[in-house]
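One file, protein11.tsv, carrying TSV, C-alpha atoms:
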chain	number	residue	atom	x	y	z
A	1	MET	CA	-65.41	11.42	-3.59
A	2	GLN	CA	-64.24	11.95	-0.01
A	3	PRO	CA	-63.32	15.35	1.26
A	4	PRO	CA	-59.58	15.97	1.57
A	5	GLY	CA	-58.07	14.70	4.83
A	6	SER	CA	-60.85	12.22	5.67
A	7	GLY	CA	-58.71	9.24	4.57
A	8	GLY	CA	-56.07	10.36	7.06
A	9	THR	CA	-58.57	10.20	9.89
A	10	ASN	CA	-59.50	6.62	9.03
A	11	THR	CA	-55.83	5.70	8.65
A	12	GLY	CA	-54.99	7.39	11.93
A	13	LEU	CA	-57.77	5.49	13.68
A	14	VAL	CA	-56.58	2.18	12.23
A	15	VAL	CA	-52.97	2.92	13.28
A	16	PHE	CA	-54.17	3.89	16.76
A	17	LEU	CA	-56.19	0.65	17.09
A	18	VAL	CA	-53.23	-1.44	15.86
A	19	ILE	CA	-50.94	0.24	18.42
A	20	ILE	CA	-53.48	-0.45	21.22
A	21	ALA	CA	-53.77	-4.11	20.09
A	22	VAL	CA	-49.97	-4.52	20.12
A	23	ILE	CA	-49.72	-2.96	23.59
A	24	VAL	CA	-52.47	-5.30	24.89
A	25	LEU	CA	-50.73	-8.35	23.36
A	26	VAL	CA	-47.31	-7.38	24.75
A	27	ALA	CA	-48.72	-6.62	28.21
A	28	GLY	CA	-50.67	-9.89	28.23
A	29	SER	CA	-47.56	-11.84	27.22
A	30	CYS	CA	-45.54	-10.16	29.96
A	31	ILE	CA	-48.19	-10.91	32.57
A	32	LEU	CA	-48.35	-14.55	31.45
A	33	ALA	CA	-44.56	-14.91	31.51
A	34	LEU	CA	-44.37	-13.24	34.92
A	35	SER	CA	-47.05	-15.53	36.36
A	36	ARG	CA	-45.17	-18.58	35.03
A	37	PHE	CA	-41.88	-17.29	36.48
A	38	THR	CA	-43.53	-16.50	39.81
A	39	ARG	CA	-45.05	-19.97	40.00
A	40	THR	CA	-41.73	-21.57	39.05
A	41	ALA	CA	-39.81	-19.44	41.58
A	42	SER	CA	-42.40	-20.22	44.25
A	43	ASP	CA	-42.08	-23.96	43.52
A	44	ALA	CA	-38.29	-23.71	43.69
A	45	ILE	CA	-38.43	-21.85	47.01
A	46	GLN	CA	-40.81	-24.45	48.43
A	47	GLU	CA	-38.52	-27.27	47.26
A	48	LEU	CA	-35.49	-25.56	48.82
A	49	ASN	CA	-37.38	-25.15	52.10
A	50	GLU	CA	-38.30	-28.84	52.07
A	51	LEU	CA	-34.69	-29.83	51.37
A	52	GLY	CA	-33.52	-27.56	54.19
A	53	GLU	CA	-35.99	-29.13	56.61
A	54	GLU	CA	-34.91	-32.64	55.54
A	55	TYR	CA	-31.24	-31.70	55.98
A	56	ALA	CA	-31.92	-30.27	59.46
A	57	ALA	CA	-33.82	-33.43	60.49
A	58	ASN	CA	-30.95	-35.61	59.23
A	59	GLN	CA	-28.41	-33.52	61.12
A	60	GLU	CA	-30.47	-33.79	64.32
A	61	GLU	CA	-30.47	-37.58	63.88
A	62	ALA	CA	-26.69	-37.46	63.36
A	63	ARG	CA	-26.27	-35.30	66.46
A	64	ALA	CA	-28.12	-37.95	68.49
A	65	GLU	CA	-25.65	-40.57	67.20
A	66	VAL	CA	-22.72	-38.74	68.82
A	67	THR	CA	-22.25	-38.89	72.58
A	68	ILE	CA	-19.48	-37.82	74.92
A	69	THR	CA	-18.45	-40.96	76.81
A	70	GLU	CA	-18.52	-41.38	80.59
A	71	THR	CA	-14.77	-40.72	80.74
A	72	GLY	CA	-15.63	-37.78	78.48
A	73	CYS	CA	-13.74	-34.60	79.26
A	74	SER	CA	-10.28	-34.58	80.73
A	75	VAL	CA	-6.97	-32.80	80.55
A	76	ILE	CA	-4.25	-35.11	79.28
A	77	ASP	CA	-0.73	-33.66	79.56
A	78	GLY	CA	-2.17	-30.12	79.50
A	79	VAL	CA	-4.41	-30.80	76.47
A	80	PRO	CA	-8.21	-30.66	76.86
A	81	THR	CA	-9.53	-33.89	75.37
A	82	ALA	CA	-13.03	-35.29	74.85
A	83	THR	CA	-13.73	-38.92	74.08
A	84	VAL	CA	-16.80	-39.29	71.87
A	85	ARG	CA	-18.69	-42.31	70.63
A	86	ILE	CA	-20.22	-42.21	67.17
A	87	ALA	CA	-22.95	-44.82	66.70
A	88	ASN	CA	-23.91	-44.84	63.03
A	89	ARG	CA	-27.59	-45.72	62.67
A	90	SER	CA	-28.12	-43.89	59.38
A	91	GLY	CA	-28.89	-46.93	57.27
A	92	GLY	CA	-25.68	-46.57	55.24
A	93	ARG	CA	-21.96	-45.93	55.45
A	94	SER	CA	-21.32	-42.36	56.65
A	95	ASP	CA	-18.61	-39.77	57.27
A	96	TYR	CA	-18.84	-37.59	60.39
A	97	SER	CA	-17.42	-34.20	61.39
A	98	VAL	CA	-17.76	-33.29	65.05
A	99	THR	CA	-17.01	-30.08	66.96
A	100	ILE	CA	-16.51	-30.17	70.73
A	101	THR	CA	-16.65	-27.04	72.89
A	102	PHE	CA	-14.34	-26.86	75.92
A	103	THR	CA	-14.66	-24.68	79.01
A	104	ASP	CA	-12.14	-24.43	81.84
A	105	GLU	CA	-13.05	-24.45	85.53
A	106	SER	CA	-13.24	-20.64	85.65
A	107	GLY	CA	-15.91	-20.67	82.92
A	108	ARG	CA	-13.60	-19.40	80.17
A	109	ARG	CA	-14.32	-20.96	76.81
A	110	LEU	CA	-11.29	-22.66	75.30
A	111	LEU	CA	-10.68	-23.28	71.63
A	112	ASP	CA	-13.06	-25.80	70.04
A	113	GLY	CA	-11.77	-29.21	69.01
A	114	PHE	CA	-12.61	-30.84	65.70
A	115	GLY	CA	-12.69	-34.48	64.68
A	116	ASP	CA	-13.48	-36.32	61.47
A	117	VAL	CA	-14.05	-39.97	60.81
A	118	ASP	CA	-14.83	-41.52	57.43
A	119	SER	CA	-16.58	-44.68	56.26
A	120	VAL	CA	-18.37	-45.64	59.47
A	121	GLN	CA	-20.51	-48.65	58.57
A	122	ASP	CA	-24.20	-48.69	59.49
A	123	GLY	CA	-24.56	-50.25	62.94
A	124	GLU	CA	-20.89	-49.62	63.78
A	125	ASP	CA	-19.71	-47.66	66.84
A	126	VAL	CA	-16.48	-45.69	66.66
A	127	VAL	CA	-14.69	-44.02	69.58
A	128	LEU	CA	-12.77	-40.85	68.79
A	129	ASP	CA	-10.60	-38.55	70.92
A	130	ILE	CA	-11.01	-34.87	70.04
A	131	GLU	CA	-8.50	-32.35	71.37
A	132	SER	CA	-8.67	-28.62	71.83
A	133	PRO	CA	-5.79	-26.70	70.21
A	134	ASP	CA	-5.23	-25.09	73.66
A	135	ARG	CA	-2.12	-26.36	75.46
A	136	GLY	CA	-0.87	-26.04	79.03
A	137	VAL	CA	-4.34	-26.23	80.55
A	138	THR	CA	-4.49	-27.18	84.21
A	139	GLY	CA	-7.47	-27.99	86.37
A	140	SER	CA	-10.74	-29.49	85.37
A	141	ILE	CA	-12.69	-28.79	82.20
A	142	SER	CA	-16.16	-29.39	80.85
A	143	CYS	CA	-17.10	-30.06	77.28
A	144	GLY	CA	-20.15	-30.28	75.08
A	145	LYS	CA	-21.19	-31.18	71.58
A	146	GLY	CA	-20.96	-28.42	69.06
A	147	THR	CA	-21.86	-29.08	65.46
A	148	VAL	CA	-22.24	-32.59	64.09
A	149	ASN	CA	-22.36	-33.21	60.35
A	150	ARG	CA	-23.04	-36.58	58.75
A	151	ARG	CA	-22.54	-37.22	55.06
A	152	ALA	CA	-22.94	-40.35	52.99
A	153	SER	CA	-19.53	-41.94	52.32
A	154	ILE	CA	-18.52	-41.71	48.69
A	155	GLY	CA	-15.45	-43.93	48.40
A	156	GLY	CA	-13.78	-46.93	49.93
Mind turning the file's structure into structure tokens?
Amino acid sequence: MQPPGSGGTNTGLVVFLVIIAVIVLVAGSCILALSRFTRTASDAIQELNELGEEYAANQEEARAEVTITETGCSVIDGVPTATVRIANRSGGRSDYSVTITFTDESGRRLLDGFGDVDSVQDGEDVVLDIESPDRGVTGSISCGKGTVNRRASIGG
């Protein structure tokens, strides 16, 4: 026969060991789940970075397809106007959005002009006049390309 209270010590030890085993299993599961999440998040971040780099390269190509023509910047009836040529060489039909920056002869920046053109066929050149919202401008101006965005045409 065992002395009183000795069964409690064995039971207490077993309970303690079971609690330790559960803690180890839970901690191990958490570490495994965290490592999987970290790897998945890292892969997603890398994929986003690659997509961002591809987008930037495509936009640089699109920017090269847009030029301000020789007649380029002028003031027509008080409205700063830029004539741009879009030469689609993307390999497919594309839509373009172009921003032109305008500066007057004193160096003051005028309001930017915006132009959009849709469904430009691959190999096609399109000429577009883009105006600044400024009116009543006199004297000479200069202009430059701002942002250029090219998107694949969806319809038409």
Residues within 12 Å of (-25.9, -42.6, 63.2), file coords, only C-alpha atoms, listed as a VMD selection string = chain A and resid 58 to 67 85 to 96 119 to 126 148 to 152
Selection: 12 Å around Ser140 (chain A), all atoms listed in the file, excl. self and same-chain fewer than 3 positions, as a PDB file with C-alpha atoms, keeping the file's coordinate frame:
ATOM      1  CA  GLY A  72     -15.630 -37.780  78.480  1.00  0.00           C
ATOM      2  CA  CYS A  73     -13.740 -34.600  79.260  1.00  0.00           C
ATOM      3  CA  SER A  74     -10.280 -34.580  80.730  1.00  0.00           C
ATOM      4  CA  VAL A  75      -6.970 -32.800  80.550  1.00  0.00           C
ATOM      5  CA  ILE A  76      -4.250 -35.110  79.280  1.00  0.00           C
ATOM      6  CA  GLY A  78      -2.170 -30.120  79.500  1.00  0.00           C
ATOM      7  CA  VAL A  79      -4.410 -30.800  76.470  1.00  0.00           C
ATOM      8  CA  PRO A  80      -8.210 -30.660  76.860  1.00  0.00           C
ATOM      9  CA  THR A  81      -9.530 -33.890  75.370  1.00  0.00           C
ATOM     10  CA  PHE A 102     -14.340 -26.860  75.920  1.00  0.00           C
ATOM     11  CA  THR A 103     -14.660 -24.680  79.010  1.00  0.00           C
ATOM     12  CA  ASP A 104     -12.140 -24.430  81.840  1.00  0.00           C
ATOM     13  CA  GLU A 105     -13.050 -24.450  85.530  1.00  0.00           C
ATOM     14  CA  SER A 106     -13.240 -20.640  85.650  1.00  0.00           C
ATOM     15  CA  GLY A 107     -15.910 -20.670  82.920  1.00  0.00           C
ATOM     16  CA  ARG A 108     -13.600 -19.400  80.170  1.00  0.00           C
ATOM     17  CA  VAL A 137      -4.340 -26.230  80.550  1.00  0.00           C
ATOM     18  CA  CYS A 143     -17.100 -30.060  77.280  1.00  0.00           C
TER      19      CYS A 143
END
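Among A:Val84, A:Thr147, A:Arg135, A:Val18, the residue with the shortest atom-to-atom distance to Glu70 (chain A), counting only C-alpha atoms, is A:Val84.
Note that the spacing between CA of Leu110 (chain A) and CA of Ser132 (chain A) amounts to 7.4 Å.
Atom pair CA of Arg109 (chain A) / CA of Asp134 (chain A): separated by 10.5 Å.
Going from CA of Gly115 (chain A) over to CA of Thr71 (chain A), you cover 17.4 Å.
Of the residues listed (A:Thr40, A:Ser29, A:Thr138, A:Ser35), A:Thr138 shows the shortest atom-to-atom separation from Asp77 (chain A); distances use all atoms listed in the file.
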Using all atoms listed in the file, which residue out of A:Gly139, A:Pro133, A:Gly12, A:Gly144 lies closest to Ile100 (chain A)?
-> A:Gly144
Could you rebuild region 69-88 of chain A with N, CA and C atoms and give it back as a short mmCIF file (atom, residue, chain, number, x, y, z; two decimals), keeping the file's coordinate frame?
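Output file out39.cif follows:
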data_model
loop_
_atom_site.label_atom_id
_atom_site.label_comp_id
_atom_site.auth_asym_id
_atom_site.auth_seq_id
_atom_site.Cartn_x
_atom_site.Cartn_y
_atom_site.Cartn_z
N THR A 69 -18.46 -39.77 75.95
CA THR A 69 -18.45 -40.96 76.81
C THR A 69 -18.37 -40.58 78.28
N GLU A 70 -18.56 -41.59 79.14
CA GLU A 70 -18.52 -41.38 80.59
C GLU A 70 -17.17 -40.80 81.02
N THR A 71 -16.09 -41.25 80.40
CA THR A 71 -14.77 -40.72 80.74
C THR A 71 -14.60 -39.35 80.11
N GLY A 72 -15.41 -39.05 79.12
CA GLY A 72 -15.63 -37.78 78.48
C GLY A 72 -14.54 -36.75 78.43
N CYS A 73 -14.62 -35.77 79.30
CA CYS A 73 -13.74 -34.60 79.26
C CYS A 73 -12.63 -34.75 80.28
N SER A 74 -11.42 -34.55 79.80
CA SER A 74 -10.28 -34.58 80.73
C SER A 74 -9.14 -33.78 80.14
N VAL A 75 -8.18 -33.47 80.99
CA VAL A 75 -6.97 -32.80 80.55
C VAL A 75 -5.87 -33.85 80.57
N ILE A 76 -5.31 -34.12 79.39
CA ILE A 76 -4.25 -35.11 79.28
C ILE A 76 -2.97 -34.38 78.88
N ASP A 77 -2.00 -34.36 79.79
CA ASP A 77 -0.73 -33.66 79.56
C ASP A 77 -0.96 -32.21 79.12
N GLY A 78 -1.90 -31.53 79.78
CA GLY A 78 -2.17 -30.12 79.50
C GLY A 78 -3.07 -29.86 78.31
N VAL A 79 -3.58 -30.95 77.67
CA VAL A 79 -4.41 -30.80 76.47
C VAL A 79 -5.84 -31.21 76.79
N PRO A 80 -6.81 -30.29 76.66
CA PRO A 80 -8.21 -30.66 76.86
C PRO A 80 -8.62 -31.69 75.80
N THR A 81 -9.18 -32.80 76.27
CA THR A 81 -9.53 -33.89 75.37
C THR A 81 -10.93 -34.41 75.70
N ALA A 82 -11.70 -34.68 74.67
CA ALA A 82 -13.03 -35.29 74.85
C ALA A 82 -13.04 -36.61 74.09
N THR A 83 -13.55 -37.63 74.74
CA THR A 83 -13.73 -38.92 74.08
C THR A 83 -15.19 -39.03 73.69
N VAL A 84 -15.43 -39.22 72.38
CA VAL A 84 -16.80 -39.29 71.87
C VAL A 84 -17.04 -40.65 71.21
N ARG A 85 -18.28 -41.08 71.30
CA ARG A 85 -18.69 -42.31 70.63
C ARG A 85 -19.64 -41.92 69.50
N ILE A 86 -19.35 -42.42 68.32
CA ILE A 86 -20.22 -42.21 67.17
C ILE A 86 -20.88 -43.56 66.87
N ALA A 87 -22.19 -43.60 66.95
CA ALA A 87 -22.95 -44.82 66.70
C ALA A 87 -23.77 -44.60 65.43
N ASN A 88 -23.24 -45.06 64.31
CA ASN A 88 -23.91 -44.84 63.03
C ASN A 88 -25.17 -45.70 62.93
#
